file target_1.txt (compact mmCIF, C-alpha atoms)
# COMPACT_ATOMS: atom_id res chain seq x y z
CA MET V 26 -177.32 -24.25 44.53
CA ALA V 27 -179.27 -25.21 47.62
CA LYS V 28 -183.03 -25.30 47.45
CA ILE V 29 -184.29 -23.79 50.73
CA GLU V 30 -187.67 -25.08 51.91
CA HIS V 31 -189.37 -24.22 55.20
CA ILE V 32 -190.93 -26.89 57.41
CA ALA V 33 -193.75 -25.89 59.76
CA ASN V 34 -194.74 -29.19 61.41
CA LEU V 35 -193.41 -32.67 62.09
CA ASP V 36 -195.91 -34.38 59.78
CA ASP V 37 -194.52 -32.71 56.67
CA PRO V 38 -193.76 -35.59 54.23
CA ARG V 39 -190.65 -33.83 52.94
CA VAL V 40 -188.82 -34.64 56.18
CA ALA V 41 -190.15 -38.17 56.64
CA GLY V 42 -186.62 -39.53 56.22
CA TYR V 43 -185.50 -37.72 59.37
CA ARG V 44 -187.81 -39.67 61.64
CA GLY V 45 -186.28 -42.57 63.55
CA LEU V 46 -182.71 -41.27 63.36
CA ARG V 47 -181.72 -43.31 66.41
CA ASP V 48 -182.31 -46.50 64.41
CA GLY V 49 -179.04 -46.75 62.50
CA ALA V 50 -179.91 -50.16 61.07
CA LEU V 51 -183.11 -48.74 59.56
CA LYS V 52 -181.21 -45.95 57.83
CA ALA V 53 -178.63 -48.43 56.56
CA ARG V 54 -181.38 -50.60 55.06
CA GLU V 55 -182.67 -47.50 53.31
CA GLY V 56 -179.21 -46.96 51.84
CA LEU V 57 -178.66 -43.85 53.94
CA PHE V 58 -176.53 -42.57 56.78
CA VAL V 59 -176.93 -39.65 59.17
CA ALA V 60 -174.42 -36.80 59.47
CA GLU V 61 -175.01 -34.80 62.64
CA GLY V 62 -173.62 -31.41 63.63
CA ARG V 63 -172.56 -28.32 61.71
CA LEU V 64 -168.93 -29.35 61.19
CA VAL V 65 -169.80 -32.88 60.06
CA VAL V 66 -172.54 -31.70 57.71
CA ARG V 67 -170.13 -29.19 56.22
CA LEU V 68 -167.57 -31.95 55.64
CA LEU V 69 -170.20 -34.10 53.97
CA ILE V 70 -171.15 -31.32 51.57
CA GLU V 71 -167.72 -29.86 50.85
CA GLY V 72 -165.19 -32.66 50.90
CA SER V 73 -166.70 -36.12 51.09
CA ARG V 74 -166.84 -38.95 48.58
CA PHE V 75 -170.47 -39.42 49.65
CA GLU V 76 -173.42 -37.51 48.29
CA ALA V 77 -175.76 -35.57 50.54
CA ARG V 78 -179.43 -36.25 49.90
CA SER V 79 -180.79 -33.38 52.01
CA VAL V 80 -180.14 -31.22 55.06
CA LEU V 81 -182.44 -30.42 57.98
CA VAL V 82 -181.33 -27.33 59.86
CA SER V 83 -182.68 -24.96 62.45
CA GLU V 84 -183.20 -21.32 61.60
CA VAL V 85 -180.31 -20.37 63.91
CA ALA V 86 -177.86 -22.91 62.48
CA LEU V 87 -178.60 -22.13 58.84
CA SER V 88 -176.36 -19.08 58.73
CA SER V 89 -173.36 -21.06 60.00
CA ILE V 90 -173.38 -23.45 57.02
CA ALA V 91 -174.89 -21.17 54.38
CA ASP V 92 -171.59 -20.72 52.56
CA ALA V 93 -171.16 -24.50 52.20
CA LEU V 94 -174.63 -25.11 50.79
CA GLY V 95 -173.69 -23.68 47.43
CA ASP V 96 -171.26 -26.58 47.00
CA GLY V 97 -173.99 -29.19 47.40
CA PRO V 98 -174.95 -31.57 44.60
CA GLY V 99 -177.41 -30.09 42.09
CA GLU V 100 -180.31 -28.48 43.90
CA LEU V 101 -179.56 -29.85 47.36
CA ALA V 102 -182.77 -29.83 49.40
CA VAL V 103 -182.29 -27.84 52.60
CA TYR V 104 -185.20 -28.00 55.02
CA VAL V 105 -185.33 -25.18 57.57
CA ALA V 106 -187.42 -25.52 60.72
CA ALA V 107 -187.78 -23.90 64.11
CA GLN V 108 -185.74 -25.74 66.75
CA GLY V 109 -188.85 -27.18 68.40
CA VAL V 110 -190.20 -28.54 65.12
CA MET V 111 -186.82 -30.01 64.29
CA ASP V 112 -186.65 -31.78 67.66
CA ASP V 113 -190.15 -33.18 67.11
CA VAL V 114 -189.22 -34.52 63.68
CA VAL V 115 -186.06 -36.36 64.75
CA GLY V 116 -187.53 -37.48 68.06
CA PHE V 117 -184.96 -36.00 70.46
CA ALA V 118 -183.32 -32.68 71.27
CA MET V 119 -181.08 -31.85 68.33
CA HIS V 120 -178.85 -29.36 70.16
CA ARG V 121 -176.51 -28.87 67.23
CA GLY V 122 -179.44 -27.78 65.07
CA CYS V 123 -178.06 -29.40 61.94
CA VAL V 124 -178.37 -32.89 60.45
CA ALA V 125 -178.15 -34.37 56.96
CA LEU V 126 -178.94 -37.60 55.17
CA GLY V 127 -176.22 -39.02 52.94
CA GLU V 128 -176.25 -41.75 50.30
CA ARG V 129 -174.21 -44.79 51.28
CA GLY V 130 -173.52 -45.93 47.75
CA GLU V 131 -171.45 -49.00 46.97
CA VAL V 132 -169.51 -50.81 49.69
CA TRP V 133 -165.90 -51.20 48.60
CA ASN V 134 -163.69 -54.16 49.39
CA ALA V 135 -160.14 -53.80 50.65
CA ARG V 136 -158.46 -54.50 47.33
CA GLU V 137 -160.58 -51.89 45.54
CA VAL V 138 -159.57 -49.27 48.10
CA LEU V 139 -155.88 -50.16 48.07
CA GLU V 140 -155.71 -50.22 44.28
CA GLY V 141 -157.89 -47.13 43.96
CA GLU V 142 -158.09 -44.14 46.29
CA ALA V 143 -155.32 -45.43 48.56
CA LYS V 144 -152.96 -46.63 45.84
CA ASP V 145 -150.24 -44.20 46.93
CA ALA V 146 -150.68 -44.79 50.67
CA ARG V 147 -147.79 -45.96 52.82
CA LEU V 148 -149.77 -46.30 56.06
CA ILE V 149 -153.22 -47.77 56.75
CA ALA V 150 -155.18 -48.94 59.77
CA VAL V 151 -157.02 -52.25 59.99
CA ALA V 152 -159.90 -52.36 62.49
CA HIS V 153 -160.45 -56.04 63.23
CA ASP V 154 -163.90 -56.76 64.70
CA LEU V 155 -164.18 -53.51 66.70
CA THR V 156 -167.56 -53.52 68.44
CA ASN V 157 -167.61 -49.99 69.88
CA HIS V 158 -168.71 -47.05 67.73
CA ASP V 159 -166.57 -44.60 69.72
CA ASN V 160 -163.44 -46.63 68.98
CA VAL V 161 -164.31 -47.01 65.31
CA GLY V 162 -164.84 -43.26 65.03
CA GLY V 163 -161.60 -42.68 66.92
CA VAL V 164 -159.63 -44.88 64.52
CA PHE V 165 -160.90 -42.85 61.56
CA ARG V 166 -160.06 -39.58 63.27
CA ASN V 167 -156.56 -40.86 64.02
CA ALA V 168 -156.12 -42.09 60.46
CA ALA V 169 -156.94 -38.63 59.15
CA ALA V 170 -154.72 -36.90 61.71
CA PHE V 171 -151.65 -38.99 60.91
CA GLY V 172 -152.05 -39.29 57.18
CA ALA V 173 -153.12 -42.91 56.89
CA GLY V 174 -154.44 -43.52 53.40
CA ALA V 175 -157.30 -45.83 54.37
CA VAL V 176 -159.02 -47.78 57.12
CA LEU V 177 -159.90 -51.39 56.46
CA ILE V 178 -162.70 -52.96 58.49
CA THR V 179 -163.79 -56.56 58.95
CA GLU V 180 -167.40 -57.67 58.42
CA ARG V 181 -168.11 -57.78 62.15
CA CYS V 182 -166.80 -54.26 62.77
CA CYS V 183 -169.20 -51.52 63.80
CA ASP V 184 -170.61 -49.50 60.93
CA PRO V 185 -168.31 -46.50 60.26
CA LEU V 186 -171.33 -44.67 58.83
CA TYR V 187 -173.41 -44.99 62.00
CA ARG V 188 -174.10 -41.44 63.18
CA LYS V 189 -172.17 -41.79 66.44
CA ALA V 190 -169.11 -43.19 64.68
CA ILE V 191 -169.21 -40.33 62.18
CA ARG V 192 -169.60 -37.78 64.98
CA VAL V 193 -166.70 -39.19 67.02
CA SER V 194 -164.54 -39.24 63.90
CA MET V 195 -165.27 -35.50 63.49
CA GLY V 196 -166.57 -36.34 60.04
CA HIS V 197 -163.41 -38.09 58.85
CA ALA V 198 -165.27 -41.38 58.40
CA LEU V 199 -166.75 -39.59 55.39
CA ARG V 200 -163.32 -38.61 54.07
CA VAL V 201 -160.85 -41.40 54.80
CA PRO V 202 -161.40 -44.21 52.27
CA PHE V 203 -162.49 -47.49 53.83
CA GLY V 204 -163.21 -50.99 52.61
CA VAL V 205 -164.05 -54.44 53.94
CA VAL V 206 -161.19 -56.88 54.47
CA GLU V 207 -161.49 -60.57 55.29
CA GLU V 208 -161.23 -61.51 58.93
CA GLY V 209 -158.42 -63.59 60.33
CA VAL V 210 -155.43 -64.93 58.47
CA ALA V 211 -156.99 -64.50 55.01
CA GLY V 212 -157.00 -60.73 55.35
CA VAL V 213 -153.43 -60.63 56.62
CA GLU V 214 -152.22 -62.83 53.78
CA MET V 215 -153.95 -60.66 51.20
CA LEU V 216 -152.24 -57.55 52.54
CA ARG V 217 -148.85 -59.23 52.66
CA ALA V 218 -149.28 -60.43 49.08
CA MET V 219 -149.96 -56.83 48.07
CA GLY V 220 -146.70 -55.72 49.65
CA TRP V 221 -147.90 -54.46 53.04
CA ARG V 222 -145.91 -55.07 56.20
CA THR V 223 -148.54 -56.14 58.73
CA VAL V 224 -148.14 -54.94 62.32
CA ALA V 225 -150.39 -56.31 65.07
CA LEU V 226 -150.94 -54.22 68.21
CA THR V 227 -151.01 -56.30 71.39
CA PRO V 228 -150.13 -55.78 75.06
CA GLY V 229 -148.51 -59.23 75.09
CA ALA V 230 -145.20 -59.43 76.95
CA ASP V 231 -143.62 -61.32 74.04
CA ALA V 232 -144.34 -58.49 71.58
CA ARG V 233 -141.64 -56.07 70.46
CA VAL V 234 -141.63 -52.53 71.84
CA ILE V 235 -143.07 -50.15 69.25
CA GLY V 236 -139.98 -47.93 69.23
CA ASP V 237 -137.79 -50.83 68.10
CA VAL V 238 -140.12 -51.57 65.20
CA VAL V 239 -140.66 -48.03 63.93
CA SER V 240 -136.89 -47.44 63.96
CA MET V 241 -136.60 -50.11 61.26
CA VAL V 242 -138.98 -48.46 58.78
CA VAL V 243 -137.29 -48.17 55.40
CA GLN V 244 -137.92 -45.91 52.42
CA ASP V 245 -141.14 -46.66 50.49
CA GLU V 246 -142.17 -49.36 52.97
CA ARG V 247 -145.93 -49.75 53.40
CA VAL V 248 -147.32 -50.57 56.85
CA ALA V 249 -150.76 -51.87 57.85
CA VAL V 250 -151.46 -51.43 61.57
CA TYR V 251 -153.90 -54.00 62.97
CA VAL V 252 -155.95 -53.11 66.04
CA GLY V 253 -158.25 -55.62 67.72
CA THR V 254 -161.52 -55.66 69.59
CA GLU V 255 -161.79 -53.89 72.91
CA GLY V 256 -161.96 -56.91 75.19
CA GLU V 257 -159.95 -59.77 73.74
CA GLY V 258 -157.76 -57.90 71.30
CA LEU V 259 -156.62 -59.53 68.10
CA PRO V 260 -157.20 -63.28 67.77
CA GLY V 261 -154.20 -65.58 68.06
CA ASP V 262 -154.15 -66.60 64.41
CA VAL V 263 -153.98 -62.94 63.33
CA LEU V 264 -151.17 -62.22 65.79
CA ARG V 265 -149.20 -65.17 64.48
CA ALA V 266 -149.84 -64.30 60.81
CA CYS V 267 -148.74 -60.65 61.04
CA ASP V 268 -145.13 -59.74 60.30
CA GLU V 269 -144.72 -57.98 63.63
CA ARG V 270 -146.37 -58.11 67.06
CA VAL V 271 -145.95 -54.70 68.68
CA ARG V 272 -146.68 -53.40 72.17
CA ILE V 273 -146.93 -49.87 73.50
CA GLY V 274 -145.06 -49.40 76.77
CA MET V 275 -147.27 -48.58 79.75
CA ALA V 276 -146.89 -48.00 83.46
CA ASP V 277 -147.01 -50.95 85.85
CA GLY V 278 -150.53 -52.00 86.74
CA VAL V 279 -152.06 -50.94 83.41
CA ASP V 280 -152.72 -53.89 81.14
CA SER V 281 -154.00 -52.23 77.95
CA LEU V 282 -155.23 -49.16 76.09
CA ASN V 283 -158.52 -48.82 74.29
CA ALA V 284 -158.46 -49.44 70.56
CA ALA V 285 -158.72 -45.80 69.52
CA THR V 286 -155.88 -44.67 71.78
CA ALA V 287 -153.62 -47.55 70.75
CA SER V 288 -154.23 -46.91 67.06
CA GLY V 289 -153.49 -43.21 67.50
CA ILE V 290 -150.15 -43.83 69.19
CA ALA V 291 -149.10 -46.44 66.63
CA LEU V 292 -150.15 -44.42 63.58
CA HIS V 293 -148.36 -41.36 64.95
CA ARG V 294 -145.13 -43.29 65.55
CA PHE V 295 -145.12 -44.91 62.11
CA ALA V 296 -146.08 -41.66 60.35
CA GLU V 297 -143.17 -39.87 62.02
CA ALA V 298 -140.76 -42.63 61.07
CA MET V 299 -141.92 -42.60 57.46
CA ALA V 300 -141.54 -38.84 57.23
CA ALA V 301 -137.92 -39.19 58.35
CA VAL V 302 -136.82 -41.66 55.64
call {"tool": "encode", "arguments": {"input": "target_1.txt", "output": "structure tokens"}}
result
Amino acid sequence: MAKIEHIANLDDPRVAGYRGLRDGALKAREGLFVAEGRLVVRLLIEGSRFEARSVLVSEVALSSIADALGDGPGELAVYVAAQGVMDDVVGFAMHRGCVALGERGEVWNAREVLEGEAKDARLIAVAHDLTNHDNVGGVFRNAAAFGAGAVLITERCCDPLYRKAIRVSMGHALRVPFGVVEEGVAGVEMLRAMGWRTVALTPGADARVIGDVVSMVVQDERVAVYVGTEGEGLPGDVLRACDERVRIGMADGVDSLNAATASGIALHRFAEAMAAV
């Protein structure tokens, strides 16, 4: 059951961990991440593989998550403060009135994910060097929406557990399993060796139209959809190494889609095709 404690001022040592929330790198070094907003905090507590360390909530917001607090680990510390005190603690206006600290735990690699939580998956996304937290969060939200079993990220990808990425993902970065995959050809070859058909998204004119590729999906086939960085897209060696280079048809004068949008369209098309065979 939750352990409710009231906070009267910003200097209270019990909420020291909530200072400097804008510094995502600092929280990562402390082995923590920040979950912000009532929906996201609820997802962390109720259905995440991560453990919540504590919750800081305004008096108004407390009632909206009270039913979820009983599902927290052990005696989950829940700190309740007036909105003004809460804003002073975190250092900015916390309009949602609800934030939590979660334990990062161990960082999984791609093979651990694919042989573990995603062992039965037929569809995954691979975020290759994405440098925008909105797009990373969007990929996770799309993966959850279209039933992808995991998201693999390269070392240079944005942190999926940065608070903005979690918020954009609507909390699904805490639910969809993810692991680190090698960049470049090495990652593609590992996936192919494990039986995954690798599909690279690219606006290149020489790529196949996505409809032609999804129409060829066969029963029990497993597909890994690669999406590249916002500016340059996937590097040439990755495009050449993947089994398929796929483009999404667009109107004349539009050269590309952002990574989140492209991943959403592709995952939706492959999920539909898999459901039909």
call {"tool": "closest_atom_pairs", "arguments": {"input": "target_1.txt", "of": "region 93-160 of chain V", "to": "region 41-62 of chain V", "cutoff": "8 Å", "atoms": "all atoms listed in the file", "output": "tab-separated table"}}
result
residue	atom	partner	partner_atom	distance
V:Val114	CA	V:Arg44	CA	5.7
V:Val115	CA	V:Arg44	CA	4.9
V:Gly116	CA	V:Arg44	CA	6.8
V:Arg121	CA	V:Gly62	CA	5.3
V:Gly122	CA	V:Gly62	CA	7.0
V:Cys123	CA	V:Gly62	CA	5.2
V:Val124	CA	V:Glu61	CA	4.4
V:Ala125	CA	V:Ala60	CA	5.1
V:Leu126	CA	V:Val59	CA	4.9
V:Gly127	CA	V:Phe58	CA	5.2
V:Glu128	CA	V:Leu57	CA	4.8
V:Arg129	CA	V:Leu57	CA	5.3
V:Gly130	CA	V:Gly56	CA	7.1
call {"tool": "closest_residue", "arguments": {"input": "target_1.txt", "among": "V:Ala218, V:Met275, V:Val239, V:Ile290", "to": "Val302 (chain V)", "atoms": "all atoms listed in the file"}}
result
V:Val239
call {"tool": "closest_residue", "arguments": {"input": "target_1.txt", "among": "V:His197, V:His31, V:Arg39, V:His153", "to": "Arg181 (chain V)", "atoms": "only C-alpha atoms"}}
result
V:His153
call {"tool": "atom_distance", "arguments": {"input": "target_1.txt", "atom1": "CA of Ile149 (chain V)", "atom2": "CA of Ala249 (chain V)"}}
result
4.9 Å
call {"tool": "residues_around", "arguments": {"input": "target_1.txt", "residues": "Val248 (chain V)", "least_positions_apart": "3", "cutoff": "12 Å", "atoms": "only C-alpha atoms", "output": "PyMOL selection string"}}
result
chain V and resi 146-151+173-175+213+216-217+219-225+238-239+241-245+251+267-269+291-292+294-296+298-299
call {"tool": "closest_residue", "arguments": {"input": "target_1.txt", "among": "V:Glu180, V:Glu297, V:Asp36, V:Asp92", "to": "Glu207 (chain V)", "atoms": "all atoms listed in the file"}}
result
V:Glu180
call {"tool": "closest_residue", "arguments": {"input": "target_1.txt", "among": "V:Ala168, V:Ala33, V:Val65, V:Val161", "to": "Tyr104 (chain V)", "atoms": "only C-alpha atoms"}}
result
V:Ala33
call {"tool": "residues_around", "arguments": {"input": "target_1.txt", "residues": "Arg270 (chain V)", "least_positions_apart": "5", "cutoff": "9 Å", "atoms": "only C-alpha atoms", "output": "PyMOL selection string"}}
result
chain V and resi 223-227+229+231-235+264-265
call {"tool": "closest_residue", "arguments": {"input": "target_1.txt", "among": "V:Pro202, V:Gly95, V:Gly162, V:Gly109", "to": "Val132 (chain V)", "atoms": "all atoms listed in the file"}}
result
V:Pro202
call {"tool": "residues_around", "arguments": {"input": "target_1.txt", "residues": "Lys28 (chain V)", "least_positions_apart": "6", "cutoff": "8 Å", "atoms": "all atoms listed in the file", "output": "list in words"}}
result
Glu100, Leu101, Ala102 and Val103 of chain V
call {"tool": "closest_residue", "arguments": {"input": "target_1.txt", "among": "V:Lys144, V:Arg247, V:Arg192, V:Arg136", "to": "His158 (chain V)", "atoms": "only C-alpha atoms"}}
result
V:Arg192
